[in-house]
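Okay, final03.csv is below, CSV, C-alpha atoms:
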chain,number,residue,atom,x,y,z
S,172,MET,CA,33.4,-121.2,98.6
S,173,HIS,CA,32.2,-117.9,97.2
S,174,THR,CA,34.1,-115.9,99.9
S,175,ARG,CA,37.2,-117.9,99.1
S,176,ALA,CA,37.0,-117.0,95.4
S,177,ILE,CA,36.6,-113.3,96.3
S,178,TRP,CA,39.6,-113.4,98.6
S,179,GLY,CA,41.5,-115.2,95.9
S,180,ARG,CA,40.8,-112.5,93.3
S,181,LEU,CA,41.7,-109.8,95.8
S,182,ALA,CA,45.0,-111.4,96.5
S,183,LEU,CA,45.7,-111.5,92.7
S,184,VAL,CA,44.8,-107.8,92.3
S,185,LEU,CA,47.1,-107.0,95.3
S,186,LEU,CA,49.9,-109.0,93.7
S,187,ALA,CA,49.4,-107.2,90.4
S,188,VAL,CA,49.4,-103.8,92.0
S,189,THR,CA,52.6,-104.6,94.0
S,190,ALA,CA,54.3,-105.9,90.8
S,191,VAL,CA,53.4,-102.7,88.9
S,192,ALA,CA,54.6,-100.5,91.8
S,193,ALA,CA,57.9,-102.5,91.9
S,194,CYS,CA,58.4,-102.2,88.2
S,195,SER,CA,57.7,-98.5,88.0
S,196,GLY,CA,61.2,-97.8,89.4
S,197,VAL,CA,59.9,-95.2,91.9
S,198,ARG,CA,60.8,-96.1,95.5
S,199,PRO,CA,60.4,-94.1,98.7
S,200,TYR,CA,63.5,-92.2,99.8
S,201,GLU,CA,65.0,-93.6,103.0
S,202,ASN,CA,65.3,-90.5,105.1
S,203,PRO,CA,68.3,-90.4,107.5
S,204,ARG,CA,67.7,-89.5,111.1
S,205,GLU,CA,69.0,-86.0,110.8
S,206,ARG,CA,66.8,-84.0,108.5
S,207,ASN,CA,68.5,-80.9,107.3
S,208,LEU,CA,66.2,-79.8,104.5
S,209,ALA,CA,62.7,-78.4,105.3
S,210,ILE,CA,60.5,-78.2,102.3
S,211,ASN,CA,57.6,-75.7,102.5
S,212,VAL,CA,54.9,-76.5,100.0
S,213,VAL,CA,52.9,-73.5,99.0
S,214,THR,CA,49.9,-74.1,96.7
S,215,ASP,CA,46.6,-72.6,95.7
S,216,PRO,CA,44.4,-72.2,98.7
S,217,GLY,CA,41.8,-74.9,99.1
S,218,SER,CA,43.6,-77.8,97.6
S,219,LEU,CA,47.1,-79.1,97.7
S,220,PHE,CA,48.3,-79.0,94.1
S,221,GLY,CA,44.7,-79.7,92.8
S,222,GLY,CA,45.3,-82.2,90.0
S,223,VAL,CA,49.1,-82.0,90.2
S,224,ASP,CA,51.2,-84.5,92.0
S,225,ALA,CA,54.4,-83.0,93.3
S,226,ALA,CA,57.4,-85.0,94.4
S,227,VAL,CA,61.2,-84.7,94.7
S,228,ASP,CA,63.5,-87.4,93.3
S,229,ILE,CA,66.7,-87.5,95.3
S,230,TYR,CA,70.1,-88.7,93.8
S,231,SER,CA,73.6,-88.8,95.1
S,232,VAL,CA,76.3,-87.6,92.7
S,233,ASP,CA,79.7,-89.2,92.7
S,234,ASP,CA,83.1,-87.6,91.9
S,235,ARG,CA,82.6,-88.3,88.2
S,236,CYS,CA,79.2,-86.4,88.3
S,237,GLN,CA,77.3,-89.6,87.9
S,238,PRO,CA,73.9,-89.5,89.6
S,239,GLU,CA,72.6,-92.5,91.6
S,240,TYR,CA,68.8,-92.6,92.3
S,241,LEU,CA,68.2,-92.9,96.0
S,242,GLY,CA,64.4,-92.5,96.2
S,243,THR,CA,61.4,-90.2,95.9
S,244,VAL,CA,59.6,-88.1,98.5
S,245,ALA,CA,56.0,-87.1,97.8
S,246,LEU,CA,55.2,-83.5,98.5
S,247,GLN,CA,51.7,-84.0,99.9
S,248,ASP,CA,52.0,-82.0,103.1
S,249,PRO,CA,52.6,-78.3,103.7
S,250,LEU,CA,55.9,-79.1,105.4
S,251,VAL,CA,58.1,-82.0,104.4
S,252,LEU,CA,61.4,-82.8,106.2
S,253,VAL,CA,64.2,-84.5,104.3
S,254,GLY,CA,67.7,-85.5,105.2
S,255,LEU,CA,70.4,-84.9,102.6
S,256,PRO,CA,73.9,-86.5,103.1
S,257,PRO,CA,76.2,-83.7,104.3
S,258,ASP,CA,79.3,-82.6,102.4
S,259,ARG,CA,78.3,-84.6,99.3
S,260,LEU,CA,76.7,-83.5,96.1
S,261,SER,CA,73.0,-84.2,95.9
S,262,TYR,CA,70.8,-83.8,92.9
S,263,LEU,CA,67.2,-83.0,93.5
S,264,VAL,CA,64.6,-83.2,90.8
S,265,PHE,CA,61.3,-81.6,91.8
S,266,THR,CA,58.5,-82.9,89.6
S,267,PHE,CA,55.0,-81.6,89.0
S,268,SER,CA,52.9,-84.3,87.2
S,269,SER,CA,49.5,-83.4,86.1
S,270,SER,CA,46.7,-85.8,85.2
S,271,ALA,CA,43.3,-85.0,83.9
S,272,TYR,CA,41.4,-88.2,84.3
S,273,LEU,CA,38.4,-87.2,82.2
S,274,GLY,CA,40.6,-86.9,79.1
S,275,SER,CA,43.4,-89.1,80.4
S,276,ILE,CA,46.0,-86.5,79.6
S,277,ARG,CA,49.2,-86.7,81.5
S,278,GLY,CA,52.4,-84.7,81.5
S,279,SER,CA,55.1,-83.6,83.9
S,280,ALA,CA,57.4,-80.6,84.4
S,281,ALA,CA,60.6,-80.8,86.4
S,282,PHE,CA,62.9,-78.5,88.2
S,283,GLU,CA,66.5,-79.6,88.9
S,284,VAL,CA,68.8,-78.6,91.7
S,285,LEU,CA,72.4,-79.7,92.2
S,286,MET,CA,73.6,-78.8,95.7
S,287,ALA,CA,76.0,-79.9,98.4
S,288,ALA,CA,74.5,-79.7,101.9
S,289,LYS,CA,77.2,-78.6,104.4
S,290,ALA,CA,77.5,-80.4,107.7
S,291,GLY,CA,75.7,-78.5,110.5
S,292,TYR,CA,73.9,-76.2,108.1
S,293,ARG,CA,70.1,-76.1,107.7
S,294,TYR,CA,68.3,-75.7,104.4
S,295,GLU,CA,64.8,-74.3,103.7
S,296,ALA,CA,63.2,-74.9,100.4
S,297,GLU,CA,60.0,-73.2,99.2
S,298,VAL,CA,58.2,-75.2,96.5
S,299,ARG,CA,55.4,-73.0,95.1
S,300,TYR,CA,52.8,-74.0,92.6
S,301,ILE,CA,50.1,-71.4,92.1
S,302,ASP,CA,47.9,-70.9,89.1
S,303,ASP,CA,50.0,-73.2,86.9
S,304,ILE,CA,53.2,-71.4,87.7
S,305,TYR,CA,55.8,-73.1,89.9
S,306,ASN,CA,59.0,-72.2,91.5
S,307,VAL,CA,61.6,-73.6,93.8
S,308,GLU,CA,63.9,-71.6,96.0
S,309,ILE,CA,66.4,-72.9,98.5
S,310,LEU,CA,67.9,-71.0,101.4
S,311,GLU,CA,71.1,-72.0,103.2
S,312,LYS,CA,71.4,-71.2,107.0
S,313,SER,CA,74.7,-71.4,108.7
S,314,PRO,CA,74.7,-72.7,112.3
S,315,GLY,CA,73.0,-70.1,114.6
S,316,ALA,CA,72.0,-67.8,111.7
S,317,ARG,CA,68.5,-66.5,111.6
S,318,ARG,CA,68.5,-65.5,108.0
S,319,GLY,CA,69.3,-67.7,105.1
S,320,VAL,CA,71.2,-67.1,101.9
S,321,GLU,CA,69.6,-68.1,98.6
S,322,ILE,CA,71.7,-70.8,97.0
S,323,PRO,CA,72.2,-70.5,93.2
S,324,LEU,CA,70.3,-73.3,91.5
S,325,ARG,CA,72.5,-75.4,89.3
S,326,ASP,CA,71.6,-78.4,87.1
S,327,LEU,CA,73.5,-81.6,86.6
S,328,ALA,CA,75.1,-80.2,83.4
S,329,SER,CA,77.0,-77.7,85.6
S,330,CYS,CA,78.7,-80.5,87.5
S,331,ASN,CA,82.4,-80.9,86.7
A,184,MET,CA,36.0,-96.7,46.9
A,185,LYS,CA,39.7,-96.8,48.0
A,186,SER,CA,40.7,-94.4,45.2
A,187,THR,CA,37.9,-92.0,46.2
A,188,ILE,CA,39.2,-91.8,49.8
A,189,ILE,CA,42.8,-91.2,48.5
A,190,SER,CA,41.5,-88.5,46.2
A,191,VAL,CA,39.6,-86.7,49.0
A,192,ALA,CA,42.7,-87.0,51.3
A,193,ALA,CA,44.9,-85.6,48.6
A,194,VAL,CA,42.6,-82.6,48.0
A,195,ALA,CA,42.2,-82.0,51.7
A,196,SER,CA,46.0,-81.9,52.3
A,197,LEU,CA,46.4,-79.6,49.3
A,198,LEU,CA,43.8,-77.2,50.8
A,199,LEU,CA,45.4,-77.4,54.2
A,200,SER,CA,48.8,-76.8,53.0
A,201,GLY,CA,47.4,-73.8,51.0
A,202,CYS,CA,46.2,-72.3,54.3
A,203,VAL,CA,49.6,-72.1,55.8
A,204,SER,CA,52.2,-72.4,53.0
A,205,GLN,CA,55.1,-71.3,55.1
A,206,HIS,CA,55.8,-70.5,58.7
A,207,PRO,CA,58.1,-67.7,59.7
A,208,GLN,CA,61.7,-68.8,59.5
A,209,THR,CA,63.3,-65.9,61.4
A,210,VAL,CA,62.4,-63.8,64.5
A,211,GLU,CA,61.8,-60.8,62.3
A,212,GLU,CA,59.5,-62.7,60.0
A,213,PHE,CA,57.6,-63.9,63.1
A,214,ARG,CA,57.2,-60.3,64.4
A,215,GLN,CA,55.8,-59.2,61.1
A,216,ALA,CA,53.5,-62.1,60.7
A,217,VAL,CA,51.8,-62.0,64.1
A,218,PRO,CA,49.7,-58.8,63.8
A,219,GLY,CA,47.8,-60.2,60.8
A,220,ALA,CA,47.7,-63.8,61.7
A,221,PHE,CA,44.7,-65.8,62.9
A,222,MET,CA,44.7,-66.6,66.7
A,223,ALA,CA,47.8,-64.4,67.3
A,224,LYS,CA,48.3,-61.0,68.9
A,225,VAL,CA,50.8,-58.4,69.9
A,226,GLU,CA,50.5,-57.3,73.5
A,227,THR,CA,52.3,-54.1,74.7
A,228,TYR,CA,52.5,-52.8,78.2
A,229,GLU,CA,54.9,-51.0,80.5
A,230,VAL,CA,56.4,-52.1,83.9
A,231,ASP,CA,57.8,-49.9,86.7
A,232,ARG,CA,61.1,-51.6,86.7
A,233,PRO,CA,64.5,-50.6,85.2
A,234,PHE,CA,65.4,-52.3,81.9
A,235,SER,CA,68.6,-53.9,83.4
A,236,GLU,CA,66.5,-55.7,86.0
A,237,VAL,CA,63.9,-56.9,83.5
A,238,SER,CA,66.7,-58.0,81.2
A,239,GLY,CA,68.4,-59.9,84.1
A,240,SER,CA,65.1,-61.7,84.9
A,241,PHE,CA,64.7,-62.8,81.3
A,242,GLU,CA,68.3,-64.1,81.3
A,243,LYS,CA,67.8,-65.9,84.6
A,244,TYR,CA,64.3,-67.4,84.1
A,245,ALA,CA,64.0,-68.2,80.4
A,246,PRO,CA,66.7,-70.9,80.3
A,247,LYS,CA,65.7,-72.2,83.7
A,248,CYS,CA,62.0,-72.4,82.9
A,249,LEU,CA,61.5,-72.7,79.2
A,250,ASP,CA,64.4,-75.0,78.1
A,251,VAL,CA,62.3,-78.1,78.8
A,252,THR,CA,60.9,-81.2,77.2
A,253,ILE,CA,57.3,-82.1,77.8
A,254,GLU,CA,55.8,-85.5,77.3
A,255,THR,CA,52.0,-85.7,77.1
A,256,GLU,CA,50.0,-88.8,76.8
A,257,SER,CA,46.3,-88.9,76.0
A,258,ARG,CA,44.2,-91.9,75.9
A,259,THR,CA,40.6,-92.6,75.2
A,260,ASN,CA,38.7,-95.8,74.4
A,261,MET,CA,39.3,-95.2,70.7
A,262,SER,CA,42.7,-93.5,70.5
A,263,TYR,CA,46.1,-93.2,72.0
A,264,GLN,CA,48.5,-90.2,71.5
A,265,TYR,CA,52.0,-89.7,72.8
A,266,ILE,CA,53.6,-86.4,72.1
A,267,VAL,CA,57.1,-85.2,73.0
A,268,THR,CA,57.7,-81.4,72.7
A,269,ASP,CA,61.0,-79.6,73.0
A,270,TYR,CA,60.8,-75.9,74.0
A,271,ASN,CA,63.9,-73.9,73.1
A,272,PRO,CA,64.3,-70.4,74.5
A,273,THR,CA,66.9,-67.9,73.4
A,274,VAL,CA,67.7,-64.6,75.1
A,275,VAL,CA,69.5,-61.9,73.2
A,276,ALA,CA,70.5,-59.2,75.7
A,277,GLY,CA,71.5,-55.9,74.2
A,278,ARG,CA,72.0,-52.3,75.4
A,279,ASP,CA,68.7,-51.0,74.1
A,280,ILE,CA,66.7,-54.2,73.7
A,281,THR,CA,66.5,-57.6,75.2
A,282,GLU,CA,64.7,-60.2,73.2
A,283,LEU,CA,63.3,-63.5,74.4
A,284,HIS,CA,62.5,-66.0,71.6
A,285,LEU,CA,60.7,-69.2,72.3
A,286,GLN,CA,60.6,-72.0,69.7
A,287,ARG,CA,58.8,-75.3,69.9
A,288,HIS,CA,59.8,-78.5,68.2
A,289,HIS,CA,57.7,-81.7,68.3
A,290,ALA,CA,60.2,-84.5,68.7
A,291,GLN,CA,57.5,-87.2,68.5
A,292,GLY,CA,53.8,-87.6,67.8
A,293,VAL,CA,53.2,-84.6,65.4
A,294,MET,CA,53.9,-84.4,61.7
A,295,ASN,CA,55.2,-81.1,60.2
A,296,VAL,CA,53.7,-80.0,56.9
A,297,THR,CA,55.7,-76.9,56.5
A,298,LYS,CA,59.4,-76.2,56.8
A,299,GLU,CA,60.5,-75.8,60.4
A,300,PRO,CA,63.3,-73.4,61.3
A,301,GLU,CA,66.3,-74.7,63.2
A,302,GLY,CA,65.2,-75.1,66.9
A,303,GLY,CA,61.5,-75.3,66.1
A,304,TYR,CA,58.7,-73.2,65.0
A,305,TYR,CA,58.6,-69.7,66.6
A,306,LEU,CA,55.9,-69.7,69.3
A,307,LEU,CA,56.5,-66.4,71.1
A,308,VAL,CA,58.8,-63.4,71.1
A,309,ALA,CA,59.0,-60.9,74.0
A,310,ASP,CA,61.0,-57.7,73.5
A,311,ALA,CA,62.0,-55.5,76.5
A,312,THR,CA,63.1,-51.9,75.7
A,313,PRO,CA,63.9,-49.2,78.2
A,314,VAL,CA,61.5,-46.3,78.8
A,315,GLY,CA,63.4,-43.7,80.8
A,316,LYS,CA,65.5,-44.8,83.8
A,317,ASN,CA,62.9,-46.8,85.8
A,318,ASN,CA,60.4,-48.2,83.3
A,319,THR,CA,60.5,-50.8,80.6
A,320,ARG,CA,58.2,-51.5,77.7
A,321,ILE,CA,57.3,-55.1,76.9
A,322,ASP,CA,56.1,-56.3,73.5
A,323,ILE,CA,54.9,-59.8,73.4
A,324,TYR,CA,54.2,-61.4,70.0
A,325,GLY,CA,52.4,-64.8,70.3
A,326,PRO,CA,49.3,-66.8,70.2
A,327,SER,CA,46.1,-65.2,71.4
A,328,ARG,CA,44.7,-68.3,73.1
A,329,GLY,CA,45.9,-71.4,74.8
A,330,PHE,CA,49.4,-70.2,75.9
A,331,ASP,CA,48.3,-67.8,78.6
A,332,VAL,CA,50.5,-69.5,81.2
A,333,ILE,CA,53.6,-68.6,79.3
A,334,THR,CA,52.7,-64.9,78.9
A,335,ARG,CA,51.7,-64.7,82.6
A,336,ALA,CA,55.1,-66.1,83.6
A,337,ILE,CA,56.9,-63.6,81.3
A,338,LYS,CA,54.8,-60.8,82.8
A,339,GLY,CA,55.9,-62.0,86.2
A,340,TRP,CA,59.6,-61.9,85.2
A,341,ALA,CA,59.2,-58.4,83.8
A,342,SER,CA,57.4,-57.0,86.8
A,343,GLY,CA,59.5,-58.8,89.4
A,344,LYS,CA,56.4,-60.2,91.1
A,345,ASN,CA,55.3,-63.8,91.1
A,346,MET,CA,58.5,-65.1,89.6
A,347,GLY,CA,58.2,-68.7,88.6
A,348,CYS,CA,58.1,-71.2,85.7
A,349,PRO,CA,55.0,-71.9,83.6
A,350,ASP,CA,53.7,-75.4,83.8
A,351,LEU,CA,53.9,-76.2,80.1
A,352,THR,CA,52.0,-79.5,80.6
A,353,LYS,CA,48.9,-77.2,81.0
A,354,ILE,CA,49.1,-76.0,77.4
structure tokens encoding of this file:
Amino acid sequence: MHTRAIWGRLALVLLAVTAVAACSGVRPYENPRERNLAINVVTDPGSLFGGVDAAVDIYSVDDRCQPEYLGTVALQDPLVLVGLPPDRLSYLVFTFSSSAYLGSIRGSAAFEVLMAAKAGYRYEAEVRYIDDIYNVEILEKSPGARRGVEIPLRDLASCN
Amino acid sequence: MKSTIISVAAVASLLLSGCVSQHPQTVEEFRQAVPGAFMAKVETYEVDRPFSEVSGSFEKYAPKCLDVTIETESRTNMSYQYIVTDYNPTVVAGRDITELHLQRHHAQGVMNVTKEPEGGYYLLVADATPVGKNNTRIDIYGPSRGFDVITRAIKGWASGKNMGCPDLTKI
């Protein structure tokens, strides 16, 4: 009877956690099979982002420049592969959310990129967060090219 | 009892407003106020980089990195605070000087007791001026503590090394 009560409580907690996750609006990005964007995550040695959660929110952008949220990819590993729909505008929002649990202080900084991935091209992004300074750079590599060309970073406001 | 509390609060606010009666309303007023102000300083140094490149970095990175809105939430057992802060950078690029102005406006969670200039209170000003063909002098007017991440980022833009955006949530 006692064990049953414990399992019952656990089920309630799980249900509550699931409900909160569902209501937060954040959902995992459904990566297509072909992954044309390699994200290299460079951080302070020793810890990956130490106290900072990095992620990239991915949106598709229609002809009227309206973004549609597709999902979020957590940047928890040194190399993350993502598939962006080719020949369509994509809007990427790299976020760095810090949380100091002792004081319960939270905040987030974002870095926006509007880009159109070309079919057959490869993209390499470097997401760097070192000593509270962050940067995002994206290189475009044409088929067969060894070297990439840095793509100019545009925000959604530049879409027209 | 209640009237005593109100009287103490009134005297306290009068004293506080007496400490800072007015904040700088222009960039020039800010430059003049910083050297004598409490918890503020002027930092001057030179970088081995042509003025045009430093100026270009300011123009590229200031809007990209400093035109941001930061939301911070702090919670303890006894209190809850939610603050929304808008940072507004302006770069004025000229032939002999490029100025970077950074203003800060609290959109939510902080009450202003002095007149705020349009765009927010001045937080920092960085001036770049040419020194010969290949060097540039940087003068940074700003707080002496607590905003180190911004000055480090600006130094990176000036030197061309470690280019990136300061994480303003760490302020």
- Item | Distance query 12 Å from (64.2, -46.5, 79.4) using only C-alpha atoms, result as a PyMOL selection string | chain A and resi 229-238+278-280+311-321
- Task: Please identify all polymer residues within 8 Å of A:Gly347, counting all atoms listed in the file, omitting same-chain residues fewer than 2 positions from it, and present them as a PyMOL selection string.
- Result: (chain S and resi 304-307) or (chain A and resi 244+248+336+339-340+345+349)
- Query: By how many Å are atom CA of A:Tyr263 and atom CA of S:Ala225 apart?
  - Reply: 25.0 Å
- Message: Set the distance at 9 Å and use only C-alpha atoms: which residues neighbour A:Tyr270 once local chain neighbours fewer than 5 positions away are removed? I'd like the list as a PyMOL selection string.
- Response: chain A and resi 249-253+285-289+302-303
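With atom CA of S:Ala316 on one side and atom CA of S:Val251 on the other, the separation reads 21.2 Å.
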- How many Å lie between atom CA of A:Met261 and atom CA of A:Asp350, rounded to one decimal? 27.8 Å
- Enumerate as an MDAnalysis selection string the residues belonging to chain A that approach chain S to within 6 Å, with all atoms listed in the file taken into account. chainID A and resid 254:258 347:350 352
The selected residues should be written to file as a PDB file, in the frame of the given file (atoms: C-alpha atoms).
ATOM      1  CA  GLU A 254      55.800 -85.500  77.300  1.00  0.00           C
ATOM      2  CA  THR A 255      52.000 -85.700  77.100  1.00  0.00           C
ATOM      3  CA  GLU A 256      50.000 -88.800  76.800  1.00  0.00           C
ATOM      4  CA  SER A 257      46.300 -88.900  76.000  1.00  0.00           C
ATOM      5  CA  ARG A 258      44.200 -91.900  75.900  1.00  0.00           C
ATOM      6  CA  GLY A 347      58.200 -68.700  88.600  1.00  0.00           C
ATOM      7  CA  CYS A 348      58.100 -71.200  85.700  1.00  0.00           C
ATOM      8  CA  PRO A 349      55.000 -71.900  83.600  1.00  0.00           C
ATOM      9  CA  ASP A 350      53.700 -75.400  83.800  1.00  0.00           C
ATOM     10  CA  THR A 352      52.000 -79.500  80.600  1.00  0.00           C
TER      11      THR A 352
END
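Excluding S:Val320 itself and any same-chain residue fewer than 2 positions from it, the protein and nucleic acid residues within 10 Å of it, counting all atoms listed in the file, are S:Tyr294, S:Glu295, S:Ile309, S:Leu310, S:Glu311, S:Lys312, S:Ser313, S:Ala316, S:Arg318, S:Ile322, S:Pro323.
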Could you save those same residues with C-alpha atoms as a short mmCIF file (atom, residue, chain, number, x, y, z; two decimals), in the coordinates of the input?
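Result written to out.cif:
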data_model
loop_
_atom_site.label_atom_id
_atom_site.label_comp_id
_atom_site.auth_asym_id
_atom_site.auth_seq_id
_atom_site.Cartn_x
_atom_site.Cartn_y
_atom_site.Cartn_z
CA TYR S 294 68.30 -75.70 104.40
CA GLU S 295 64.80 -74.30 103.70
CA ILE S 309 66.40 -72.90 98.50
CA LEU S 310 67.90 -71.00 101.40
CA GLU S 311 71.10 -72.00 103.20
CA LYS S 312 71.40 -71.20 107.00
CA SER S 313 74.70 -71.40 108.70
CA ALA S 316 72.00 -67.80 111.70
CA ARG S 318 68.50 -65.50 108.00
CA ILE S 322 71.70 -70.80 97.00
CA PRO S 323 72.20 -70.50 93.20
#
- Task: Give as a PyMOL selection string each residue that has an atom at most 12 Å from (76.7, -80.9, 99.3) in the file, counting only C-alpha atoms.
- Result: chain S and resi 207-208+230-234+254-263+284-294+311+322+330
- Task: Excluding A:Val293 and residues on its chain fewer than 6 positions from it, collect all residues at most 10 Å away from it, counting all atoms listed in the file, and give them as a ChimeraX atom specification.
- Result: /A:264-268
- Query: Using all atoms listed in the file, which residues sit within 12 Å of A:Val217 once same-chain residues fewer than 6 positions away are excluded, as an NGL selection string?
  - Reply: :A and (206-207 or 210-211 or 223-226 or 305-308 or 322-327)
Your completed stretch 234-251 of chain A with N, CA, C and O atoms, as a compact mmCIF listing (two decimals), in the coordinates of the input:
# COMPACT_ATOMS: atom_id res chain seq x y z
N PHE A 234 65.14 -51.33 83.01
CA PHE A 234 65.40 -52.30 81.90
C PHE A 234 66.45 -53.33 82.30
O PHE A 234 66.29 -54.50 81.98
N SER A 235 67.50 -52.90 83.03
CA SER A 235 68.60 -53.90 83.40
C SER A 235 68.02 -55.00 84.22
O SER A 235 68.43 -56.15 84.08
N GLU A 236 67.07 -54.66 85.12
CA GLU A 236 66.50 -55.70 86.00
C GLU A 236 65.61 -56.66 85.19
O GLU A 236 65.62 -57.88 85.39
N VAL A 237 64.81 -56.09 84.30
CA VAL A 237 63.90 -56.90 83.50
C VAL A 237 64.78 -57.85 82.60
O VAL A 237 64.53 -59.05 82.49
N SER A 238 65.82 -57.25 82.03
CA SER A 238 66.70 -58.00 81.20
C SER A 238 67.36 -59.17 81.97
O SER A 238 67.44 -60.31 81.51
N GLY A 239 67.78 -58.84 83.19
CA GLY A 239 68.40 -59.90 84.10
C GLY A 239 67.42 -60.98 84.38
O GLY A 239 67.79 -62.16 84.41
N SER A 240 66.15 -60.63 84.60
CA SER A 240 65.10 -61.70 84.90
C SER A 240 64.92 -62.58 83.67
O SER A 240 64.78 -63.79 83.81
N PHE A 241 64.88 -61.97 82.49
CA PHE A 241 64.70 -62.80 81.30
C PHE A 241 65.90 -63.77 81.17
O PHE A 241 65.70 -64.95 80.87
N GLU A 242 67.11 -63.25 81.42
CA GLU A 242 68.30 -64.10 81.30
C GLU A 242 68.31 -65.22 82.33
O GLU A 242 68.82 -66.31 82.10
N LYS A 243 67.77 -64.90 83.52
CA LYS A 243 67.80 -65.90 84.60
C LYS A 243 66.70 -66.96 84.39
O LYS A 243 66.93 -68.15 84.51
N TYR A 244 65.49 -66.48 84.10
CA TYR A 244 64.30 -67.40 84.10
C TYR A 244 64.08 -68.14 82.81
O TYR A 244 63.58 -69.27 82.83
N ALA A 245 64.38 -67.51 81.69
CA ALA A 245 64.00 -68.20 80.40
C ALA A 245 64.76 -69.52 80.26
O ALA A 245 64.12 -70.53 79.98
N PRO A 246 66.09 -69.56 80.47
CA PRO A 246 66.70 -70.90 80.30
C PRO A 246 66.29 -71.87 81.39
O PRO A 246 66.15 -73.05 81.14
N LYS A 247 66.05 -71.34 82.60
CA LYS A 247 65.70 -72.20 83.70
C LYS A 247 64.27 -72.80 83.52
O LYS A 247 64.02 -73.95 83.84
N CYS A 248 63.37 -71.99 82.99
CA CYS A 248 62.00 -72.40 82.90
C CYS A 248 61.50 -72.91 81.57
O CYS A 248 60.56 -73.70 81.50
N LEU A 249 62.11 -72.42 80.52
CA LEU A 249 61.50 -72.70 79.20
C LEU A 249 62.37 -73.72 78.39
O LEU A 249 61.91 -74.16 77.34
N ASP A 250 63.55 -74.03 78.86
CA ASP A 250 64.40 -75.00 78.10
C ASP A 250 63.98 -76.41 78.64
O ASP A 250 64.71 -77.05 79.39
N VAL A 251 62.81 -76.85 78.24
CA VAL A 251 62.30 -78.10 78.80
C VAL A 251 61.70 -78.99 77.69
O VAL A 251 61.41 -78.54 76.60
